[in-house]
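Working notes, structure below.
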Amino acid sequence: MVQERSHNPTIATNKFLPTTTTGTPTKTLLKIHSFKTFFYSLLSTRGYAGVRAWTAKPNIDLFELDRVLVPVNEGNHHWILAIVNITEERIEYYDSMGREGESNENRLVLTNIRNFMVEEAMAQKRSPEE
């Protein structure tokens, strides 16, 4: 992180965040959770039951976050990143191979992640529409 000193030597600020006249950041950082790389493999083979403990035991409420990152290994040779954008209520799919939008290649990934989020909402006694 690049930091610069303010007039008060005890305060260091991140120069990329907007600041007030006192040097205090005015924008808060996003709350993000990133699953480990084998999370999606378990989700796709075992379903929700196979990954429920990933949020239950550490008591993570995904719906209190801004983003949830899900790395996906396709065919043991290509990585994709799916981001559950809680704030905007959508799943974003980032593929360096340039595949955009919903297609036969990514429909299963999007469906599995959506189903996981619906199951997670029900496990936390939330409405799936939240």
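Lettering and numbering for the structure tokens are positional, with chains as A, B, ... in the shown order, residues counted from 1 in each chain, and ligands counted from 1 in the shown order.
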
Checklist line | Selection: 8 Å around region 115-126 of chain A, only C-alpha atoms, excl. self and same-chain fewer than 2 positions, as number ranges by chain | finding: A: 43, 47-48, 52, 61, 63, 111-113, 128, 130

Note to self: If DSSP is run on the backbone, what residues of region 44-102 of chain A are helix (DSSP H, G or I)? A reply as a PyMOL selection string would be ideal.
What the structure shows: chain A and resi 44-46+48-51+53-56+62-64

Would you export the selected residues with N, CA, C and O atoms as an mmCIF file, in the first residue's frame, please?
data_model
loop_
_atom_site.group_PDB
_atom_site.id
_atom_site.type_symbol
_atom_site.label_atom_id
_atom_site.label_comp_id
_atom_site.auth_asym_id
_atom_site.auth_seq_id
_atom_site.Cartn_x
_atom_site.Cartn_y
_atom_site.Cartn_z
ATOM 1 N N SER A 44 -19.459 -28.180 -6.461
ATOM 2 C CA SER A 44 -19.957 -28.776 -7.708
ATOM 3 C C SER A 44 -20.106 -30.292 -7.625
ATOM 4 O O SER A 44 -20.915 -30.863 -8.347
ATOM 5 N N THR A 45 -19.361 -30.944 -6.741
ATOM 6 C CA THR A 45 -19.468 -32.407 -6.644
ATOM 7 C C THR A 45 -20.354 -32.873 -5.489
ATOM 8 O O THR A 45 -21.035 -33.883 -5.605
ATOM 9 N N ARG A 46 -20.352 -32.145 -4.383
ATOM 10 C CA ARG A 46 -21.108 -32.576 -3.199
ATOM 11 C C ARG A 46 -22.333 -31.722 -2.891
ATOM 12 O O ARG A 46 -23.095 -32.035 -1.987
ATOM 13 N N TYR A 48 -24.512 -28.281 -1.653
ATOM 14 C CA TYR A 48 -24.477 -27.390 -0.492
ATOM 15 C C TYR A 48 -24.041 -28.120 0.779
ATOM 16 O O TYR A 48 -23.272 -27.584 1.570
ATOM 17 N N ALA A 49 -24.513 -29.345 0.965
ATOM 18 C CA ALA A 49 -24.160 -30.109 2.169
ATOM 19 C C ALA A 49 -22.645 -30.284 2.305
ATOM 20 O O ALA A 49 -22.121 -30.330 3.418
ATOM 21 N N GLY A 50 -21.947 -30.351 1.190
ATOM 22 C CA GLY A 50 -20.499 -30.536 1.214
ATOM 23 C C GLY A 50 -19.712 -29.301 1.602
ATOM 24 O O GLY A 50 -18.529 -29.403 1.929
ATOM 25 N N VAL A 51 -20.356 -28.130 1.561
ATOM 26 C CA VAL A 51 -19.631 -26.887 1.863
ATOM 27 C C VAL A 51 -20.303 -26.049 2.956
ATOM 28 O O VAL A 51 -19.813 -24.977 3.285
ATOM 29 N N ALA A 53 -20.320 -26.186 6.133
ATOM 30 C CA ALA A 53 -19.445 -25.880 7.272
ATOM 31 C C ALA A 53 -18.488 -24.728 6.973
ATOM 32 O O ALA A 53 -17.945 -24.124 7.892
ATOM 33 N N TRP A 54 -18.290 -24.390 5.716
ATOM 34 C CA TRP A 54 -17.356 -23.328 5.357
ATOM 35 C C TRP A 54 -17.822 -21.969 5.867
ATOM 36 O O TRP A 54 -17.015 -21.066 6.038
ATOM 37 N N THR A 55 -19.114 -21.813 6.080
ATOM 38 C CA THR A 55 -19.619 -20.549 6.637
ATOM 39 C C THR A 55 -20.230 -20.750 8.018
ATOM 40 O O THR A 55 -20.285 -19.812 8.798
ATOM 41 N N ALA A 56 -20.669 -21.966 8.330
ATOM 42 C CA ALA A 56 -21.341 -22.217 9.615
ATOM 43 C C ALA A 56 -20.363 -22.214 10.788
ATOM 44 O O ALA A 56 -20.602 -21.548 11.793
ATOM 45 N N LEU A 62 -22.514 -14.272 4.924
ATOM 46 C CA LEU A 62 -22.165 -13.753 3.607
ATOM 47 C C LEU A 62 -23.016 -12.552 3.208
ATOM 48 O O LEU A 62 -22.587 -11.704 2.442
ATOM 49 N N PHE A 63 -24.228 -12.473 3.746
ATOM 50 C CA PHE A 63 -25.155 -11.419 3.349
ATOM 51 C C PHE A 63 -24.872 -10.092 4.052
ATOM 52 O O PHE A 63 -25.486 -9.080 3.725
ATOM 53 N N GLU A 64 -23.938 -10.093 4.986
ATOM 54 C CA GLU A 64 -23.506 -8.858 5.633
ATOM 55 C C GLU A 64 -22.284 -8.270 4.922
ATOM 56 O O GLU A 64 -21.766 -7.238 5.320
#

Using DSSP secondary structure from the backbone, list all strand (DSSP E or B) positions within region 51-97 of chain A, as a PDB file with C-alpha atoms, in the first residue's frame.
ATOM      1  CA  ARG A  67     -18.640  -9.242  -2.228  1.00  0.00           C
ATOM      2  CA  VAL A  68     -17.944 -12.977  -2.074  1.00  0.00           C
ATOM      3  CA  LEU A  69     -15.099 -14.271  -4.265  1.00  0.00           C
ATOM      4  CA  VAL A  70     -15.292 -17.808  -5.646  1.00  0.00           C
ATOM      5  CA  PRO A  71     -12.263 -19.010  -7.629  1.00  0.00           C
ATOM      6  CA  VAL A  72     -13.153 -21.756 -10.114  1.00  0.00           C
ATOM      7  CA  ASN A  73     -10.654 -24.169 -11.674  1.00  0.00           C
ATOM      8  CA  GLU A  74     -11.913 -25.366 -15.029  1.00  0.00           C
ATOM      9  CA  HIS A  78      -7.865 -22.598 -16.470  1.00  0.00           C
ATOM     10  CA  TRP A  79      -8.935 -20.283 -13.640  1.00  0.00           C
ATOM     11  CA  ILE A  80     -12.125 -18.249 -13.558  1.00  0.00           C
ATOM     12  CA  LEU A  81     -13.292 -15.869 -10.859  1.00  0.00           C
ATOM     13  CA  ALA A  82     -16.945 -15.632  -9.904  1.00  0.00           C
ATOM     14  CA  ILE A  83     -17.893 -12.751  -7.640  1.00  0.00           C
ATOM     15  CA  VAL A  84     -21.179 -12.673  -5.789  1.00  0.00           C
ATOM     16  CA  ASN A  85     -21.928  -8.968  -5.683  1.00  0.00           C
ATOM     17  CA  ARG A  90     -25.782 -10.277  -9.070  1.00  0.00           C
ATOM     18  CA  ILE A  91     -23.109 -12.842  -9.845  1.00  0.00           C
ATOM     19  CA  GLU A  92     -20.178 -11.569 -11.880  1.00  0.00           C
ATOM     20  CA  TYR A  93     -18.124 -13.984 -13.994  1.00  0.00           C
ATOM     21  CA  TYR A  94     -14.549 -13.104 -14.940  1.00  0.00           C
ATOM     22  CA  ASP A  95     -12.861 -15.302 -17.513  1.00  0.00           C
TER      23      ASP A  95
END

Checklist line | Atom-to-atom span, CA of Tyr40 (chain A) and CA of Pro58 (chain A), Å | finding: 18.0 Å
